>>> print(open('work.cif').read())   # mmCIF, C-alpha atoms
data_entry
loop_
_atom_site.group_PDB
_atom_site.id
_atom_site.type_symbol
_atom_site.label_atom_id
_atom_site.label_comp_id
_atom_site.auth_asym_id
_atom_site.auth_seq_id
_atom_site.Cartn_x
_atom_site.Cartn_y
_atom_site.Cartn_z
ATOM 1 C CA MET A 1 -17.570 -11.414 -20.696
ATOM 2 C CA SER A 2 -18.162 -7.803 -19.575
ATOM 3 C CA ARG A 3 -20.115 -9.030 -16.548
ATOM 4 C CA GLN A 4 -17.131 -11.208 -15.565
ATOM 5 C CA LEU A 5 -14.782 -8.259 -16.029
ATOM 6 C CA ILE A 6 -16.928 -5.964 -13.892
ATOM 7 C CA GLY A 7 -17.267 -8.689 -11.261
ATOM 8 C CA SER A 8 -13.529 -9.322 -11.044
ATOM 9 C CA LEU A 9 -12.833 -5.564 -10.844
ATOM 10 C CA LEU A 10 -15.412 -5.258 -8.048
ATOM 11 C CA VAL A 11 -13.607 -8.047 -6.187
ATOM 12 C CA ALA A 12 -10.373 -6.029 -6.513
ATOM 13 C CA LEU A 13 -12.142 -2.950 -5.106
ATOM 14 C CA ALA A 14 -13.543 -5.024 -2.235
ATOM 15 C CA ILE A 15 -10.035 -6.301 -1.458
ATOM 16 C CA VAL A 16 -8.769 -2.699 -1.358
ATOM 17 C CA ALA A 17 -11.617 -1.638 0.959
ATOM 18 C CA VAL A 18 -11.099 -4.598 3.319
ATOM 19 C CA ALA A 19 -7.331 -3.963 3.476
ATOM 20 C CA ILE A 20 -7.851 -0.264 4.286
ATOM 21 C CA VAL A 21 -10.460 -0.979 6.976
ATOM 22 C CA ALA A 22 -8.413 -3.795 8.557
ATOM 23 C CA VAL A 23 -5.164 -1.825 8.713
ATOM 24 C CA THR A 24 -6.845 1.395 9.864
ATOM 25 C CA ALA A 25 -8.640 -0.514 12.623
ATOM 26 C CA LYS A 26 -5.362 -2.076 13.693
ATOM 27 C CA LEU A 27 -3.488 1.248 13.708
ATOM 28 C CA GLY A 28 -6.346 3.035 15.488
ATOM 29 C CA PRO A 29 -5.323 5.562 18.119
ATOM 30 C CA THR A 30 -1.608 5.403 17.288
ATOM 31 C CA SER A 31 -2.166 7.767 14.357
ATOM 32 C CA ALA A 32 -0.741 11.264 14.740
ATOM 33 C CA ALA A 33 -4.082 12.900 13.962
ATOM 34 C CA GLU A 34 -5.839 10.896 16.663
ATOM 35 C CA LEU A 35 -3.068 11.595 19.189
ATOM 36 C CA ASP A 36 -3.268 15.314 18.385
ATOM 37 C CA ALA A 37 -7.046 15.213 18.850
ATOM 38 C CA GLN A 38 -6.638 13.414 22.211
ATOM 39 C CA GLU A 39 -4.080 16.001 23.329
ATOM 40 C CA GLU A 40 -6.399 18.831 22.294
ATOM 41 C CA ARG A 41 -9.342 17.290 24.187
ATOM 42 C CA GLN A 42 -7.144 16.876 27.279
ATOM 43 C CA GLU A 43 -6.001 20.509 27.088
ATOM 44 C CA GLN A 44 -9.608 21.655 26.771
ATOM 45 C CA ARG A 45 -10.585 19.584 29.822
ATOM 46 C CA LEU A 46 -7.730 21.078 31.875
ATOM 47 C CA GLU A 47 -8.694 24.607 30.808
ATOM 48 C CA GLN A 48 -12.324 23.983 31.780
ATOM 49 C CA GLN A 49 -11.240 22.595 35.182
ATOM 50 C CA GLU A 50 -9.064 25.646 35.807
ATOM 51 C CA GLU A 51 -11.901 27.980 34.818
ATOM 52 C CA ARG A 52 -14.271 26.180 37.198
ATOM 53 C CA ARG A 53 -11.719 26.416 40.014
ATOM 54 C CA GLU A 54 -11.275 30.145 39.394
ATOM 55 C CA ASP A 55 -15.049 30.634 39.332
ATOM 56 C CA GLY A 56 -15.318 28.766 42.648
ATOM 57 C CA ARG A 57 -12.791 31.105 44.285
ATOM 58 C CA ASP A 58 -14.729 34.232 43.168
ATOM 59 C CA MET B 1 15.795 15.425 -0.232
ATOM 60 C CA ASP B 2 14.254 18.886 -0.544
ATOM 61 C CA ALA B 3 12.578 20.049 2.661
ATOM 62 C CA ARG B 4 9.611 21.276 0.610
ATOM 63 C CA VAL B 5 8.954 17.732 -0.686
ATOM 64 C CA GLU B 6 9.238 16.381 2.864
ATOM 65 C CA ASP B 7 6.784 19.051 4.017
ATOM 66 C CA LEU B 8 4.396 18.232 1.161
ATOM 67 C CA VAL B 9 4.450 14.510 2.028
ATOM 68 C CA GLU B 10 3.768 15.313 5.682
ATOM 69 C CA ARG B 11 0.879 17.640 4.800
ATOM 70 C CA LEU B 12 -0.671 15.142 2.357
ATOM 71 C CA ALA B 13 -0.528 12.425 5.034
ATOM 72 C CA ARG B 14 -1.714 14.931 7.683
ATOM 73 C CA GLY B 15 1.234 13.996 9.873
ATOM 74 C CA ASN B 16 0.616 10.251 9.582
ATOM 75 C CA VAL B 17 3.296 9.444 7.019
ATOM 76 C CA THR B 18 4.167 6.033 8.448
ATOM 77 C CA GLU B 19 0.519 5.062 8.847
ATOM 78 C CA VAL B 20 -0.386 6.097 5.296
ATOM 79 C CA LYS B 21 2.630 4.181 4.008
ATOM 80 C CA VAL B 22 1.565 1.071 5.935
ATOM 81 C CA VAL B 23 -1.999 1.274 4.586
ATOM 82 C CA VAL B 24 -0.921 1.833 0.963
ATOM 83 C CA THR B 25 1.686 -0.950 1.079
ATOM 84 C CA THR B 26 -0.816 -3.365 2.623
ATOM 85 C CA VAL B 27 -3.352 -2.545 -0.105
ATOM 86 C CA ALA B 28 -0.648 -3.243 -2.721
ATOM 87 C CA LEU B 29 0.179 -6.576 -1.062
ATOM 88 C CA ALA B 30 -3.489 -7.591 -0.856
ATOM 89 C CA LEU B 31 -3.926 -6.790 -4.563
ATOM 90 C CA ALA B 32 -0.750 -8.749 -5.324
ATOM 91 C CA VAL B 33 -2.295 -11.850 -3.734
ATOM 92 C CA TYR B 34 -5.345 -11.315 -5.965
ATOM 93 C CA GLN B 35 -2.954 -10.999 -8.921
ATOM 94 C CA LEU B 36 -1.666 -14.514 -8.208
ATOM 95 C CA VAL B 37 -5.214 -15.860 -8.207
ATOM 96 C CA LEU B 38 -6.022 -14.072 -11.473
ATOM 97 C CA ILE B 39 -2.890 -15.254 -13.250
ATOM 98 C CA THR B 40 -3.651 -18.900 -12.435
ATOM 99 C CA VAL B 41 -6.947 -18.368 -14.305
ATOM 100 C CA VAL B 42 -5.164 -16.590 -17.200
ATOM 101 C CA TYR B 43 -2.682 -19.486 -17.609
ATOM 102 C CA GLY B 44 -5.484 -22.043 -17.308
ATOM 103 C CA LYS B 45 -4.166 -23.595 -14.077
ATOM 104 C CA ALA B 46 -7.578 -22.906 -12.560
ATOM 105 C CA ARG B 47 -10.776 -22.840 -14.639
ATOM 106 C CA PRO B 48 -13.610 -21.404 -12.551
ATOM 107 C CA SER B 49 -16.968 -21.348 -14.336
ATOM 108 C CA PHE B 50 -17.598 -17.738 -13.262
ATOM 109 C CA LEU B 51 -14.381 -16.214 -14.670
ATOM 110 C CA GLY B 52 -12.784 -16.689 -18.081
ATOM 111 C CA ALA B 53 -9.135 -16.158 -19.017
ATOM 112 C CA GLY B 54 -9.898 -12.931 -20.964
ATOM 113 C CA PRO B 55 -11.586 -10.949 -18.180
ATOM 114 C CA ALA B 56 -9.043 -12.336 -15.690
ATOM 115 C CA ALA B 57 -6.193 -11.036 -17.887
ATOM 116 C CA GLN B 58 -7.801 -7.592 -18.201
ATOM 117 C CA THR B 59 -8.352 -7.353 -14.447
ATOM 118 C CA HIS B 60 -4.792 -8.620 -13.851
ATOM 119 C CA ARG B 61 -3.488 -5.780 -16.062
ATOM 120 C CA ALA B 62 -5.664 -3.097 -14.404
ATOM 121 C CA SER B 63 -4.817 -4.290 -10.906
ATOM 122 C CA GLY B 64 -1.125 -4.491 -11.835
ATOM 123 C CA ASP B 65 -1.185 -0.889 -13.070
ATOM 124 C CA ALA B 66 -2.781 0.186 -9.782
ATOM 125 C CA ILE B 67 -0.133 -1.711 -7.782
ATOM 126 C CA ALA B 68 2.655 -0.046 -9.790
ATOM 127 C CA VAL B 69 1.239 3.429 -9.050
ATOM 128 C CA LEU B 70 0.860 2.617 -5.330
ATOM 129 C CA LEU B 71 4.435 1.314 -5.115
ATOM 130 C CA ILE B 72 5.845 4.400 -6.856
ATOM 131 C CA VAL B 73 3.941 6.661 -4.430
ATOM 132 C CA VAL B 74 5.240 4.689 -1.426
ATOM 133 C CA ALA B 75 8.803 4.734 -2.807
ATOM 134 C CA LEU B 76 8.648 8.520 -3.237
ATOM 135 C CA MET B 77 7.329 8.869 0.330
ATOM 136 C CA CYS B 78 10.124 6.626 1.641
ATOM 137 C CA VAL B 79 12.934 8.425 -0.150
ATOM 138 C CA SER B 80 11.660 11.969 0.394
ATOM 139 C CA TYR B 81 10.502 11.663 4.004
ATOM 140 C CA PHE B 82 12.507 8.890 5.638
ATOM 141 C CA GLY B 83 15.620 8.747 3.442
ATOM 142 C CA LEU B 84 18.148 5.999 4.037
ATOM 143 C CA GLU B 85 17.867 5.378 7.760
ATOM 144 C CA ASP B 86 20.275 3.239 9.768
ATOM 145 C CA GLY B 87 19.053 -0.324 10.214
ATOM 146 C CA ALA B 88 16.784 -0.180 7.165
ATOM 147 C CA ALA B 89 19.289 -1.612 4.686
ATOM 148 C CA PHE B 90 17.253 -4.765 4.003
ATOM 149 C CA HIS B 91 14.109 -2.718 3.414
ATOM 150 C CA ALA B 92 15.931 -0.323 1.081
ATOM 151 C CA VAL B 93 17.547 -3.142 -0.930
ATOM 152 C CA ALA B 94 14.300 -5.153 -1.162
ATOM 153 C CA GLY B 95 12.348 -2.021 -2.172
ATOM 154 C CA ALA B 96 14.874 -1.017 -4.824
ATOM 155 C CA ALA B 97 14.977 -4.572 -6.209
ATOM 156 C CA LEU B 98 11.164 -4.632 -6.260
ATOM 157 C CA LEU B 99 10.960 -1.461 -8.347
ATOM 158 C CA ALA B 100 13.728 -2.671 -10.667
ATOM 159 C CA VAL B 101 12.046 -6.040 -11.339
ATOM 160 C CA LEU B 102 8.677 -4.330 -11.742
ATOM 161 C CA ALA B 103 10.199 -1.925 -14.288
ATOM 162 C CA VAL B 104 11.640 -4.848 -16.294
ATOM 163 C CA LYS B 105 8.239 -6.575 -16.179
ATOM 164 C CA VAL B 106 6.464 -3.458 -17.490
ATOM 165 C CA VAL B 107 9.038 -3.081 -20.298
ATOM 166 C CA ILE B 108 8.509 -6.735 -21.348
ATOM 167 C CA ILE B 109 4.699 -6.424 -21.233
ATOM 168 C CA ARG B 110 4.562 -3.139 -23.180
ATOM 169 C CA TRP B 111 7.452 -3.316 -25.640
ATOM 170 C CA TRP B 112 9.792 -6.347 -25.348
ATOM 171 C CA HIS B 113 7.338 -9.145 -26.177
ATOM 172 C CA ALA B 114 10.111 -11.576 -27.180
ATOM 173 C CA ALA B 115 11.072 -11.891 -23.492
ATOM 174 C CA GLY B 116 7.523 -12.827 -22.533
ATOM 175 C CA ARG B 117 8.609 -16.275 -21.296
ATOM 176 C CA PHE B 118 10.260 -14.579 -18.296
ATOM 177 C CA LEU B 119 7.003 -12.967 -17.127
ATOM 178 C CA PRO B 120 5.968 -15.768 -14.713
ATOM 179 C CA VAL B 121 9.376 -15.698 -12.984
ATOM 180 C CA LEU B 122 9.312 -11.897 -12.851
ATOM 181 C CA GLY B 123 5.756 -11.896 -11.501
ATOM 182 C CA ILE B 124 6.656 -14.301 -8.690
ATOM 183 C CA SER B 125 9.787 -12.228 -7.972
ATOM 184 C CA VAL B 126 7.702 -9.052 -7.720
ATOM 185 C CA PHE B 127 5.321 -10.802 -5.308
ATOM 186 C CA LEU B 128 8.135 -12.152 -3.101
ATOM 187 C CA LEU B 129 10.009 -8.840 -3.062
ATOM 188 C CA LEU B 130 6.793 -6.982 -2.219
ATOM 189 C CA GLY B 131 6.168 -9.447 0.617
ATOM 190 C CA ALA B 132 9.724 -8.968 1.930
ATOM 191 C CA THR B 133 9.515 -5.167 1.671
ATOM 192 C CA TRP B 134 6.127 -5.134 3.424
ATOM 193 C CA ALA B 135 7.295 -7.495 6.180
ATOM 194 C CA SER B 136 10.393 -5.394 6.896
ATOM 195 C CA THR B 137 8.350 -2.277 7.748
ATOM 196 C CA ALA B 138 4.564 -2.507 7.592
ATOM 197 C CA GLY B 139 4.487 -6.055 8.976
ATOM 198 C CA ALA B 140 6.754 -5.098 11.855
ATOM 199 C CA PHE B 141 4.713 -1.900 12.472
ATOM 200 C CA LEU B 142 1.423 -3.806 12.561
ATOM 201 C CA GLY B 143 2.821 -6.740 14.539
#
>>> encode(input="work.cif", output="structure tokens")
Amino acid sequence: MSRQLIGSLLVALAIVAVAIVAVTAKLGPTSAAELDAQEERQEQRLEQQEERREDGRD
Amino acid sequence: MDARVEDLVERLARGNVTEVKVVVTTVALALAVYQLVLITVVYGKARPSFLGAGPAAQTHRASGDAIAVLLIVVALMCVSYFGLEDGAAFHAVAGAALLAVLAVKVVIIRWWHAAGRFLPVLGISVFLLLGATWASTAGAFLG
């Protein structure tokens, strides 16, 4: 009885986990946090390129 | 809605309000499908050897409570952050009807036992309304 209850609750938890993983994988890089991170990385790259260019002139 | 609530929702979702809403609603829908499976065991329509009606009923109740909490959270996010947007009338009506039917179902389960014969119809209605509400936003967003 209690084993069946625990088993069926674990199935519910597995369903929750699968749903979260599937939807998160589908959404992927469209999330605002990921887009912000991409933008930040791009800005850093541009800054580094500019710094290198300035160093090259000196 | 208060700008502070809107700000709180945005901070909790770390700017991904729509995405969080889509994930939470999809989890609720996935659990709702499991609810249908469990209730067929509870009513004896299916008799698997590995799951009796008692444990199935307890899991159905626990999962149902979780779904209710998830739907209330999503509804609060919808109303506080998105409000009533143009072109979202179907979503708003389906969502409001979903919460209303769910509230009636909870009242019958907890206090109004005499109306227990309506629970199967209400359960199917909750499932269909949840499906319609999900399809009108999350489904379209994921598609």
>>> resolve_selection(input="work.cif", expression="the PyMOL selection byres ((chain B) within 10 of (chain A))", output="JSON, numbers by chain")
{"B": [13, 14, 15, 16, 17, 18, 19, 20, 22, 23, 24, 25, 26, 27, 28, 29, 30, 31, 33, 34, 35, 38, 50, 51, 52, 53, 54, 55, 56, 57, 58, 59, 60, 62, 63, 138, 141, 142, 143]}
>>> resolve_selection(input="work.cif", expression="the PyMOL selection byres ((chain B and resi 97) around 12)", output="PyMOL selection string")
chain B and resi 75+90-96+98-104+122+125-130+132-133
>>> atom_distance(input="work.cif", atom1="CA of Pro120 in chain B", atom2="CA of Lys105 in chain B")
9.6 Å
>>> atom_distance(input="work.cif", atom1="CA of Gly83 in chain B", atom2="CA of Leu70 in chain B")
18.2 Å
>>> atom_distance(input="work.cif", atom1="CA of His113 in chain B", atom2="CA of Pro48 in chain B")
27.8 Å
>>> axis_aligned_box(input="work.cif", around="range 23-32 of chain B", padding_each_side="8 Å", output="AutoDock Vina command-line options")
--center_x -1.1 --center_y -3.5 --center_z -0.4 --size_x 21.6 --size_y 26.6 --size_z 25.9
>>> residues_near_point(input="work.cif", point="(3.1, 11.2, -5.5)", cutoff="12 Å", atoms="only C-alpha atoms", output="list in words")
Val5, Glu6, Leu8, Val9, Glu10, Leu12, Ala13, Lys21, Val69, Leu70, Leu71, Ile72, Val73, Val74, Ala75, Leu76, Met77, Cys78, Val79 and Ser80 of chain B
